[in-house]
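Q: A single structure is presented below for examination.
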Amino acid sequence: MTAKTGDMTIDREATGLPEDNAKRRQILKGARTVFRAKGFDGASMEVIAKEAGVSKGTLYVYFSSKETLFEALILEERLGQAEVMQEVLVSRADIASDLKRIGHQYLKKMAKPDKLSTLRMVIGAAEKFPQFGSLLYEAGPCRGRRELGLFLQERINRGDIQPCDTEFAAGQFLDLCVSGILRRLLLNAGPQPDDAEIDANVDAAVKVFLAAYGT
């Protein structure tokens, strides 16, 4: 059974609608390893099946094509999104403290090697399959801006920041948090940030953001 999303026909298996199970997770783990090592074009269903420790027949029972399998990996990013926003929405801390908590968690998440590998994997396939980039963009950056926007709206209501386009402001804050670090890591042009660099980057992001939007 299939469903339509944008320009692509998506198998139900790829969306995670069927009940998850150990075999499906086993296949996704193997596919992730292969796609990260070989890229989308370099990977084959035969190699993925071998890496996952299943037969090709079993692989096709769960995923009808390499595209649907790749898409399933992207959609897993949605399940891995941090839940910090639920906590800060009810927080009574000052806004600078909450923004620092959000910024620290976001930067640490974006700097993780597995997260960087996923971003590189999707970027490598996005020119040929732009729908993959759109899926990750919606599951990651767009969702993050919406959730942070809810927090900012609550802080507007409390009088902590000025009225603004909350999703736009949220995107600016998240970009400030990773500024100078994420590009370096994506290009594998330098080391992982240590705690001191993360602290400095996030503190600067909070300072700039509150200078623009604070009351």
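Quick note on naming: the chains in the structure tokens go A, B, ... in the order shown, residues restart at 1 in each chain, and ligands are numbered from 1 in order of appearance.
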Stretch 115-185 of chain A near stretch 20-38 of chain A within 12 Å: what's each residue's closest atom pair and its distance in Å to one decimal, counting only C-alpha atoms, ordered by chain then ascending residue number, as a Markdown table?
A:
```
| residue | atom | partner | partner_atom | distance |
| --- | --- | --- | --- | --- |
| A:Lys115 | CA | A:Arg36 | CA | 11.0 |
| A:Leu116 | CA | A:Arg36 | CA | 10.1 |
| A:Ser117 | CA | A:Arg36 | CA | 6.3 |
| A:Thr118 | CA | A:Arg36 | CA | 7.2 |
| A:Leu119 | CA | A:Arg36 | CA | 9.7 |
| A:Arg120 | CA | A:Arg36 | CA | 8.1 |
| A:Met121 | CA | A:Arg36 | CA | 5.8 |
| A:Val122 | CA | A:Arg36 | CA | 9.3 |
| A:Ile123 | CA | A:Arg36 | CA | 11.3 |
| A:Gly124 | CA | A:Arg36 | CA | 9.9 |
| A:Ala125 | CA | A:Phe35 | CA | 10.0 |
```
Q: Considering only C-alpha atoms, tabulate each residue of stretch 82-128 of chain A that lies at most 7 Å from stretch 193-206 of chain A along with its nearest interatomic pair and the corresponding distance in Å to one decimal; arrange the rows by chain and ascending residue number and present them as a tab-separated table.
A:
```
residue	atom	partner	partner_atom	distance
A:Ala96	CA	A:Val206	CA	6.6
A:Leu99	CA	A:Val206	CA	6.5
A:Lys100	CA	A:Val202	CA	6.3
A:Gly103	CA	A:Val202	CA	5.7
A:His104	CA	A:Val202	CA	6.4
```
Q: Point out the residue among A:Gly53, A:Pro113, A:Gly171, A:Gly133 with the least atom-to-atom distance to A:Gly149, counting only C-alpha atoms.
A: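 With only C-alpha atoms as the atom set, the closest residue is A:Gly171.
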Q: Run DSSP on the backbone and grab whatever in stretch 88-147 of chain A lands in helix (DSSP H, G or I); send it over as a PyMOL selection string.
A: chain A and resi 88+95-110+113-126+130-147
Q: Write out as a ChimeraX atom specification the residues lying within 9 Å of A:Pro163, counting only C-alpha atoms and excluding same-chain residues fewer than 5 positions away.
A: /A:153,156-157,213
Q: Looking at only C-alpha atoms, which of A:Lys66, A:Lys56, A:Arg101, A:Lys112 is the one that sits closest to A:Ile181?
A: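 The closest residue to A:Ile181 is A:Lys112.
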